[in-house]
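What follows is the content of model.csv, which has CSV, C-alpha atoms:
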chain,number,residue,atom,x,y,z
A,157,MET,CA,-194.9,70.7,45.8
A,158,SER,CA,-194.9,71.3,42.0
A,159,GLN,CA,-194.4,68.2,40.0
A,160,GLY,CA,-192.1,70.1,37.7
A,161,ARG,CA,-192.3,70.7,33.9
A,162,PHE,CA,-190.3,69.1,31.1
A,163,TYR,CA,-189.4,71.1,28.0
A,164,THR,CA,-188.6,69.5,24.6
A,165,LEU,CA,-186.4,71.1,21.9
A,166,LYS,CA,-186.0,69.5,18.4
A,167,ASN,CA,-183.9,70.6,15.5
A,168,LYS,CA,-184.3,70.1,11.7
A,169,ASN,CA,-182.2,66.9,11.8
A,170,GLY,CA,-184.5,65.2,14.3
A,171,MET,CA,-182.2,65.5,17.2
A,172,GLU,CA,-184.1,66.2,20.4
A,173,ILE,CA,-183.3,67.3,23.9
A,174,ARG,CA,-185.5,67.2,27.0
A,175,LEU,CA,-185.1,69.7,29.8
A,176,PHE,CA,-186.6,69.8,33.3
A,177,ASP,CA,-187.1,72.8,35.6
A,178,TYR,CA,-186.1,70.9,38.7
A,179,GLY,CA,-182.3,71.4,38.8
A,180,ALA,CA,-182.3,73.1,35.4
A,181,THR,CA,-181.6,69.6,34.2
A,182,LEU,CA,-180.6,68.1,30.8
A,183,ALA,CA,-182.9,65.1,31.1
A,184,GLY,CA,-182.5,63.5,27.7
A,185,ILE,CA,-180.6,63.7,24.4
A,186,THR,CA,-181.9,61.7,21.4
A,187,VAL,CA,-179.5,61.4,18.5
A,188,PRO,CA,-179.0,58.9,15.6
A,189,ASP,CA,-176.5,56.2,15.1
A,190,ARG,CA,-174.7,55.5,11.8
A,191,GLU,CA,-177.8,53.6,10.6
A,192,GLY,CA,-180.1,56.5,11.4
A,193,ARG,CA,-181.6,54.9,14.5
A,194,PHE,CA,-182.4,57.4,17.2
A,195,GLU,CA,-181.7,56.7,20.8
A,196,ASP,CA,-181.5,58.6,24.1
A,197,VAL,CA,-177.8,58.8,25.2
A,198,ALA,CA,-178.2,60.8,28.4
A,199,PHE,CA,-179.1,59.6,31.9
A,200,GLY,CA,-182.2,60.8,33.6
A,201,PHE,CA,-185.7,60.2,34.9
A,202,ASP,CA,-189.3,60.6,33.5
A,203,ASN,CA,-190.7,62.3,36.6
A,204,LEU,CA,-189.9,64.4,39.6
A,205,GLU,CA,-189.7,61.4,42.0
A,206,GLY,CA,-186.7,60.1,40.3
A,207,TYR,CA,-184.8,63.3,40.7
A,208,LEU,CA,-185.8,63.7,44.3
A,209,ASN,CA,-184.2,60.3,45.0
A,210,ASP,CA,-181.2,60.9,42.8
A,211,ASN,CA,-177.9,61.5,44.5
A,212,ASP,CA,-175.8,61.3,41.3
A,213,TYR,CA,-176.7,64.6,39.8
A,214,PHE,CA,-178.0,63.1,36.5
A,215,GLY,CA,-177.9,66.0,34.0
A,216,SER,CA,-178.4,68.7,36.5
A,217,THR,CA,-177.0,72.2,36.8
A,218,VAL,CA,-174.6,72.0,39.7
A,219,GLY,CA,-173.6,74.8,42.1
A,220,ARG,CA,-173.0,77.1,43.9
A,221,HIS,CA,-169.7,75.3,43.8
A,222,ALA,CA,-169.4,72.2,41.6
A,223,GLY,CA,-166.8,69.7,42.7
A,224,ARG,CA,-165.1,69.4,46.1
A,225,ILE,CA,-164.0,71.9,48.7
A,226,GLY,CA,-161.6,70.4,51.3
A,227,GLY,CA,-163.1,70.3,54.8
A,228,GLY,CA,-166.1,72.2,53.5
A,229,ARG,CA,-164.5,75.5,54.5
A,230,PHE,CA,-162.9,78.5,52.9
A,231,GLU,CA,-162.0,82.1,53.8
A,232,ILE,CA,-162.8,85.3,52.1
A,233,ASP,CA,-161.5,88.7,53.3
A,234,GLY,CA,-160.6,87.2,56.7
A,235,THR,CA,-164.0,85.6,57.3
A,236,VAL,CA,-164.2,81.8,57.5
A,237,HIS,CA,-167.2,80.1,55.9
A,238,GLN,CA,-168.1,76.6,57.0
A,239,LEU,CA,-170.2,74.6,54.5
A,240,ALA,CA,-171.9,71.3,54.8
A,241,VAL,CA,-169.6,68.3,54.5
A,242,ASN,CA,-171.6,65.9,52.3
A,243,ASN,CA,-168.8,63.8,50.8
A,244,GLY,CA,-166.8,62.3,53.6
A,245,PRO,CA,-165.1,65.2,55.3
A,246,ASN,CA,-165.5,67.5,52.3
A,247,HIS,CA,-168.1,69.6,50.6
A,248,LEU,CA,-169.4,68.4,47.2
A,249,HIS,CA,-171.5,70.0,44.4
A,250,GLY,CA,-173.2,72.8,46.4
A,251,GLY,CA,-174.0,70.9,49.6
A,252,ILE,CA,-177.1,69.3,51.0
A,253,LYS,CA,-179.5,71.3,48.8
A,254,GLY,CA,-177.5,72.5,45.9
A,255,PHE,CA,-178.8,74.0,42.7
A,256,ASP,CA,-179.7,70.4,41.5
A,257,LYS,CA,-182.4,70.2,44.3
A,258,VAL,CA,-184.4,73.4,43.6
A,259,PHE,CA,-187.0,74.4,41.0
A,260,TRP,CA,-185.8,77.0,38.6
A,261,ASN,CA,-188.0,79.5,36.7
A,262,ALA,CA,-188.1,78.6,33.0
A,263,GLN,CA,-188.8,80.5,29.8
A,264,GLU,CA,-188.8,79.2,26.2
A,265,VAL,CA,-186.9,81.6,23.9
A,266,THR,CA,-185.8,81.7,20.3
A,267,LYS,CA,-182.2,82.6,19.6
A,268,LYS,CA,-180.5,83.3,16.3
A,269,ASN,CA,-178.8,79.9,16.4
A,270,GLY,CA,-181.7,77.8,17.6
A,271,LYS,CA,-184.5,77.2,20.1
A,272,ALA,CA,-183.7,77.5,23.7
A,273,VAL,CA,-184.9,77.3,27.3
A,274,SER,CA,-183.6,79.8,29.8
A,275,PHE,CA,-183.7,78.8,33.5
A,276,SER,CA,-183.1,81.2,36.3
A,277,TYR,CA,-182.7,81.0,40.1
A,278,MET,CA,-181.8,83.4,42.9
A,279,SER,CA,-179.7,81.8,45.7
A,280,PRO,CA,-180.2,83.9,48.8
A,281,ASP,CA,-177.4,85.1,51.0
A,282,GLY,CA,-176.5,82.3,53.4
A,283,GLU,CA,-178.0,79.4,51.4
A,284,GLU,CA,-175.9,76.4,52.2
A,285,HIS,CA,-173.7,78.9,54.1
A,286,PHE,CA,-172.4,80.6,51.0
A,287,PRO,CA,-172.2,84.4,51.2
A,288,GLY,CA,-174.1,86.8,48.9
A,289,ASN,CA,-177.3,86.8,47.0
A,290,LEU,CA,-176.4,85.0,43.8
A,291,THR,CA,-178.6,85.3,40.7
A,292,VAL,CA,-177.9,82.5,38.2
A,293,SER,CA,-179.2,81.4,34.8
A,294,ALA,CA,-178.7,78.3,32.7
A,295,VAL,CA,-179.6,78.7,29.0
A,296,TYR,CA,-179.8,75.6,26.9
A,297,THR,CA,-179.8,76.1,23.1
A,298,LEU,CA,-180.2,73.3,20.5
A,299,THR,CA,-178.7,74.3,17.1
A,300,ASP,CA,-179.3,72.7,13.7
A,301,ASN,CA,-175.6,71.7,13.8
A,302,ASP,CA,-176.5,69.1,16.4
A,303,GLU,CA,-175.0,71.2,19.2
A,304,ILE,CA,-176.2,71.7,22.7
A,305,ILE,CA,-174.9,75.0,23.9
A,306,ILE,CA,-175.1,75.6,27.6
A,307,ASP,CA,-174.5,79.1,28.9
A,308,LEU,CA,-174.2,79.4,32.7
A,309,TYR,CA,-174.2,82.9,34.1
A,310,ALA,CA,-174.1,84.4,37.6
A,311,VAL,CA,-173.9,87.8,39.4
A,312,THR,CA,-173.6,88.5,43.1
A,313,ASP,CA,-173.9,91.3,45.7
A,314,LYS,CA,-171.1,89.8,47.9
A,315,ALA,CA,-167.8,88.1,47.1
A,316,THR,CA,-168.5,84.4,46.8
A,317,PRO,CA,-167.0,81.3,45.2
A,318,VAL,CA,-168.8,80.4,42.0
A,319,ASN,CA,-168.2,77.2,39.9
A,320,LEU,CA,-171.2,76.1,37.9
A,321,THR,CA,-171.3,73.1,35.5
A,322,ASN,CA,-173.6,70.6,33.9
A,323,HIS,CA,-173.4,67.1,35.2
A,324,ALA,CA,-174.7,65.1,32.3
A,325,TYR,CA,-173.9,61.3,32.1
A,326,PHE,CA,-173.5,59.9,28.6
A,327,ASN,CA,-173.5,56.4,27.1
A,328,LEU,CA,-173.2,56.8,23.3
A,329,SER,CA,-174.5,53.2,22.8
A,330,GLY,CA,-177.7,54.4,24.6
A,331,ALA,CA,-178.5,55.3,28.2
A,332,GLY,CA,-179.0,52.0,30.1
A,333,ASN,CA,-176.4,50.0,28.2
A,334,PRO,CA,-174.1,48.3,30.7
A,335,SER,CA,-170.7,49.9,30.0
A,336,ILE,CA,-168.8,52.8,28.5
A,337,LEU,CA,-165.4,51.1,28.9
A,338,ASP,CA,-165.3,50.4,25.2
A,339,HIS,CA,-165.8,54.0,24.2
A,340,ARG,CA,-162.7,55.7,22.8
A,341,MET,CA,-161.7,59.2,24.1
A,342,LYS,CA,-159.2,61.9,23.3
A,343,LEU,CA,-158.6,64.8,25.8
A,344,ASP,CA,-156.8,68.0,24.8
A,345,CYS,CA,-155.1,68.2,28.2
A,346,ASP,CA,-151.4,67.9,28.9
A,347,PHE,CA,-151.8,68.2,32.7
A,348,PHE,CA,-154.0,67.0,35.5
A,349,LEU,CA,-154.6,67.7,39.2
A,350,PRO,CA,-153.5,64.9,41.4
A,351,GLY,CA,-155.8,64.3,44.4
A,352,ASP,CA,-155.5,62.8,47.9
A,353,GLU,CA,-157.6,59.9,49.1
A,354,GLY,CA,-160.6,62.2,49.5
A,355,LEU,CA,-160.1,63.4,45.9
A,356,ILE,CA,-159.1,66.9,47.0
A,357,PRO,CA,-156.3,68.3,44.8
A,358,THR,CA,-153.0,68.2,46.4
A,359,GLY,CA,-152.1,71.5,44.7
A,360,GLU,CA,-149.7,70.0,42.2
A,361,VAL,CA,-150.3,70.4,38.5
A,362,ALA,CA,-148.8,67.2,37.0
A,363,PRO,CA,-148.1,66.1,33.4
A,364,VAL,CA,-150.2,63.3,32.1
A,365,ASP,CA,-147.2,62.0,30.1
A,366,GLY,CA,-146.3,58.4,31.2
A,367,THR,CA,-149.5,58.0,33.3
A,368,PRO,CA,-152.8,56.2,32.8
A,369,LEU,CA,-154.3,59.7,32.6
A,370,ASP,CA,-152.8,60.3,29.2
A,371,PHE,CA,-155.6,60.7,26.7
A,372,ARG,CA,-153.9,63.0,24.3
A,373,GLU,CA,-154.4,60.4,21.6
A,374,PHE,CA,-157.5,58.2,21.3
A,375,LYS,CA,-157.6,55.5,23.9
A,376,VAL,CA,-160.3,53.1,25.0
A,377,ILE,CA,-161.6,54.4,28.4
A,378,GLY,CA,-161.4,51.0,30.0
A,379,LYS,CA,-157.8,50.2,29.0
A,380,GLU,CA,-156.1,51.6,32.1
A,381,ILE,CA,-159.0,52.5,34.3
A,382,ASP,CA,-157.9,50.1,37.0
A,383,ALA,CA,-154.2,50.9,36.7
A,384,ASP,CA,-152.0,50.9,39.8
A,385,HIS,CA,-151.8,54.7,40.1
A,386,PRO,CA,-153.0,56.9,42.9
A,387,SER,CA,-155.3,58.9,40.7
A,388,THR,CA,-157.2,55.9,39.5
A,389,LYS,CA,-157.1,54.0,42.8
A,390,PHE,CA,-158.4,56.9,44.9
A,391,GLY,CA,-161.3,57.5,42.5
A,392,ALA,CA,-162.0,53.8,41.9
A,393,GLY,CA,-161.5,54.7,38.3
A,394,TYR,CA,-161.4,58.1,36.6
A,395,ASP,CA,-162.7,60.9,38.8
A,396,LEU,CA,-160.4,63.9,38.6
A,397,ALA,CA,-159.7,67.3,37.0
A,398,PHE,CA,-157.7,67.8,33.8
A,399,VAL,CA,-156.3,71.1,32.8
A,400,VAL,CA,-157.6,72.4,29.4
A,401,ASN,CA,-154.8,73.2,27.0
A,402,GLY,CA,-154.4,76.7,25.6
A,403,LYS,CA,-157.0,78.3,27.8
A,404,GLY,CA,-157.6,82.0,27.3
A,405,ASN,CA,-161.1,83.3,27.7
A,406,SER,CA,-162.5,81.8,24.4
A,407,THR,CA,-164.3,78.6,24.0
A,408,VAL,CA,-162.0,75.8,22.9
A,409,HIS,CA,-162.3,72.1,22.1
A,410,VAL,CA,-161.4,69.8,25.0
A,411,ALA,CA,-162.6,66.3,24.3
A,412,THR,CA,-163.9,63.8,21.8
A,413,VAL,CA,-165.6,60.5,22.7
A,414,ILE,CA,-166.5,57.8,20.1
A,415,ASP,CA,-168.6,54.7,20.4
A,416,ASP,CA,-167.5,52.5,17.5
A,417,LYS,CA,-170.5,50.2,17.8
A,418,SER,CA,-173.1,52.9,17.1
A,419,GLY,CA,-170.8,55.4,15.3
A,420,ARG,CA,-171.9,58.2,17.7
A,421,ARG,CA,-169.4,60.9,18.4
A,422,LEU,CA,-169.5,63.5,21.1
A,423,ASP,CA,-167.2,66.6,21.0
A,424,VAL,CA,-167.0,68.9,24.1
A,425,SER,CA,-165.9,72.5,24.1
A,426,THR,CA,-165.6,75.0,27.0
A,427,ASN,CA,-164.3,78.4,28.0
A,428,GLN,CA,-163.3,77.0,31.4
A,429,LYS,CA,-159.8,76.0,32.6
A,430,ALA,CA,-160.5,72.4,33.7
A,431,VAL,CA,-162.7,69.5,32.9
A,432,ILE,CA,-163.7,66.7,35.4
A,433,PHE,CA,-163.7,63.3,33.8
A,434,TYR,CA,-165.8,60.8,35.7
A,435,THR,CA,-166.6,57.2,34.7
A,436,GLY,CA,-169.6,56.5,37.0
A,437,ASN,CA,-167.5,54.5,39.5
A,438,PHE,CA,-169.9,55.1,42.3
A,439,LEU,CA,-173.2,54.3,40.4
A,440,LYS,CA,-175.1,51.4,41.9
A,441,GLY,CA,-177.9,50.8,39.3
A,442,THR,CA,-180.4,50.6,42.1
A,443,PHE,CA,-183.0,53.1,40.8
A,444,LYS,CA,-185.3,52.5,37.8
A,445,ALA,CA,-184.8,55.4,35.4
A,446,LYS,CA,-186.3,56.2,31.9
A,447,ASP,CA,-188.0,53.2,30.2
A,448,GLY,CA,-187.4,51.1,33.3
A,449,LYS,CA,-183.7,51.0,32.8
A,450,THR,CA,-181.0,51.2,35.5
A,451,TYR,CA,-177.6,52.8,35.4
A,452,PRO,CA,-175.0,50.4,36.9
A,453,ARG,CA,-171.4,51.1,37.8
A,454,ARG,CA,-169.3,52.5,34.9
A,455,SER,CA,-172.3,52.6,32.5
A,456,GLY,CA,-171.9,56.4,31.9
A,457,PHE,CA,-169.2,59.0,31.7
A,458,CYS,CA,-169.2,62.7,32.6
A,459,LEU,CA,-167.1,65.5,31.2
A,460,GLU,CA,-167.8,68.5,33.5
A,461,PRO,CA,-166.1,71.8,32.4
A,462,GLY,CA,-165.4,74.2,35.2
A,463,ALA,CA,-162.8,75.5,37.6
A,464,PHE,CA,-160.1,73.7,39.5
A,465,PRO,CA,-161.6,71.8,42.5
A,466,ASP,CA,-160.9,73.3,46.0
A,467,SER,CA,-159.8,76.6,44.3
A,468,PRO,CA,-161.0,78.7,47.3
A,469,ASN,CA,-158.3,77.0,49.4
A,470,LYS,CA,-155.4,77.2,47.0
A,471,SER,CA,-154.4,80.7,46.2
A,472,TRP,CA,-152.2,79.6,43.3
A,473,PHE,CA,-155.1,78.0,41.5
A,474,PRO,CA,-157.1,80.3,39.1
A,475,ASN,CA,-159.4,82.6,41.1
A,476,ILE,CA,-163.1,81.7,41.3
A,477,ILE,CA,-164.2,84.4,43.7
A,478,LEU,CA,-167.0,86.3,42.0
A,479,LYS,CA,-167.3,89.9,43.2
A,480,PRO,CA,-170.2,92.5,42.8
A,481,GLY,CA,-170.2,94.0,39.4
A,482,GLU,CA,-168.6,91.0,37.7
A,483,LEU,CA,-170.3,88.5,35.4
A,484,TYR,CA,-169.6,84.7,35.7
A,485,HIS,CA,-170.0,82.8,32.4
A,486,ASN,CA,-169.3,79.1,31.8
A,487,GLN,CA,-170.0,78.0,28.2
A,488,ILE,CA,-170.3,74.3,27.5
A,489,ILE,CA,-170.9,72.9,24.0
A,490,TYR,CA,-171.8,69.2,23.4
A,491,LYS,CA,-171.7,68.5,19.7
A,492,PHE,CA,-173.0,65.2,18.3
A,493,SER,CA,-172.1,63.6,15.0
A,494,VAL,CA,-171.7,60.2,13.5
A,495,GLU,CA,-168.6,58.3,12.4
A,496,LYS,CA,-169.3,56.2,9.3
Kindly return the structure encoded in the file as structure tokens.
Amino acid sequence: MSQGRFYTLKNKNGMEIRLFDYGATLAGITVPDREGRFEDVAFGFDNLEGYLNDNDYFGSTVGRHAGRIGGGRFEIDGTVHQLAVNNGPNHLHGGIKGFDKVFWNAQEVTKKNGKAVSFSYMSPDGEEHFPGNLTVSAVYTLTDNDEIIIDLYAVTDKATPVNLTNHAYFNLSGAGNPSILDHRMKLDCDFFLPGDEGLIPTGEVAPVDGTPLDFREFKVIGKEIDADHPSTKFGAGYDLAFVVNGKGNSTVHVATVIDDKSGRRLDVSTNQKAVIFYTGNFLKGTFKAKDGKTYPRRSGFCLEPGAFPDSPNKSWFPNIILKPGELYHNQIIYKFSVEK
């Protein structure tokens, strides 16, 4: 087996990102704090072995369907497709061997807005029991505006559900620091998708108003994370989908997270209809990662733009069935800056 290859991109400001061809993974993000001290704020490993043992999707490109599918089954044109159930009774993040567990082809390219690495992978018909040959690409661009632009594309020769995302974990104090509960966050989301005990959406689209899920104004992440509310209890913290406001087909701002200790700020934009907010509630901190650090429970957060979970089984949710002749495109922008 190949040991994989890392790629490093650096901009004129000294910001650096590290990419890995196994899982088309965002393996590191090095940015300054308010004093100009650079530190890696993204979870990851220094070698292939770490990613082979990783079941938390650190920084990987997730698919063919990111998120959960209830019962691991869906129907297209009268044909029922049964997927692996790898999260209790449900399907999660592409199955036993999703896109995070394969080597992607990689090519370094120069774009007008920065240096980039383009990863590609062809998922054959029937892989993880999904229909259709699906050709996917993940293009990571680092701009001189301290933006990481991730463009995820897919085409198919048979109708198939497609929901790709990046699964980066962030700690703006530095990856390996013990908690993100003191970070402040604002989400441009008026509604969320309540889930059942297995975190499968019930089908309701509910207002965040009056709930612990209201981040429309800046709020410390840990303030209500253990509130007595079904959506925080079922996920052992935050682990659910929020509906992005004002969603057409353009890329819009959805989230801001600030670490007051370091001054680091992350802004997230997307062209997708939802964003999954996850606070690392199931991390165990058992594996040694970069620089010998571990990632314990709630030491990182994820903001994963994509489709509504379980969309193939809920006809009233936005459609995610990709058909031949169509182009899937998920654009994610992580922009870093410093609050003085």
#### Entry: Nearest to Val410 of chain A by atom-to-atom distance, counting only C-alpha atoms, from A:Gly354, A:Gly254, A:Gly462, A:Gly228
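Result for the nearest residue to Val410 of chain A: A:Gly462.
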### Task
Do a neighbour search on Asp423 of chain A at 9 Å with all atoms listed in the file, toss out local chain neighbours closer than 4 positions, and write the hits as a list in words.
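So, after excluding close chain neighbours, the residues are His409, Val410, Ala411, Thr412, Val413, Ile414, Ile489, Tyr490, Lys491, Phe492 and Ser493 of chain A.
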### Query
Rounded to one decimal in Å, what is the spacing between atom CA of Phe374 of chain A and atom CA of Met341 of chain A?
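Interatomic distance here is 5.1 Å.
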### Message
With distances taken over all atoms listed in the file, which residue among A:Met278, A:Ala198, A:Ala430, A:Val295 lies nearest Tyr451 of chain A?
### Response
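Selected residue with least distance to Tyr451 of chain A: A:Ala198.
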### Query
atom CA of Asp346 of chain A and atom CA of Thr388 of chain A, how far apart in Å?
17.0 Å
### Summary
Asp300 of chain A proximity check over A:Asn167, A:Gln428, A:Ser276, A:Asn203, using all atoms listed in the file: winner is A:Asn167
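Candidate residues A:Glu283, A:Asp202, A:Glu195, A:Asp256 were compared for distance to Ala183 of chain A, and the nearest is A:Asp202, using all atoms listed in the file.
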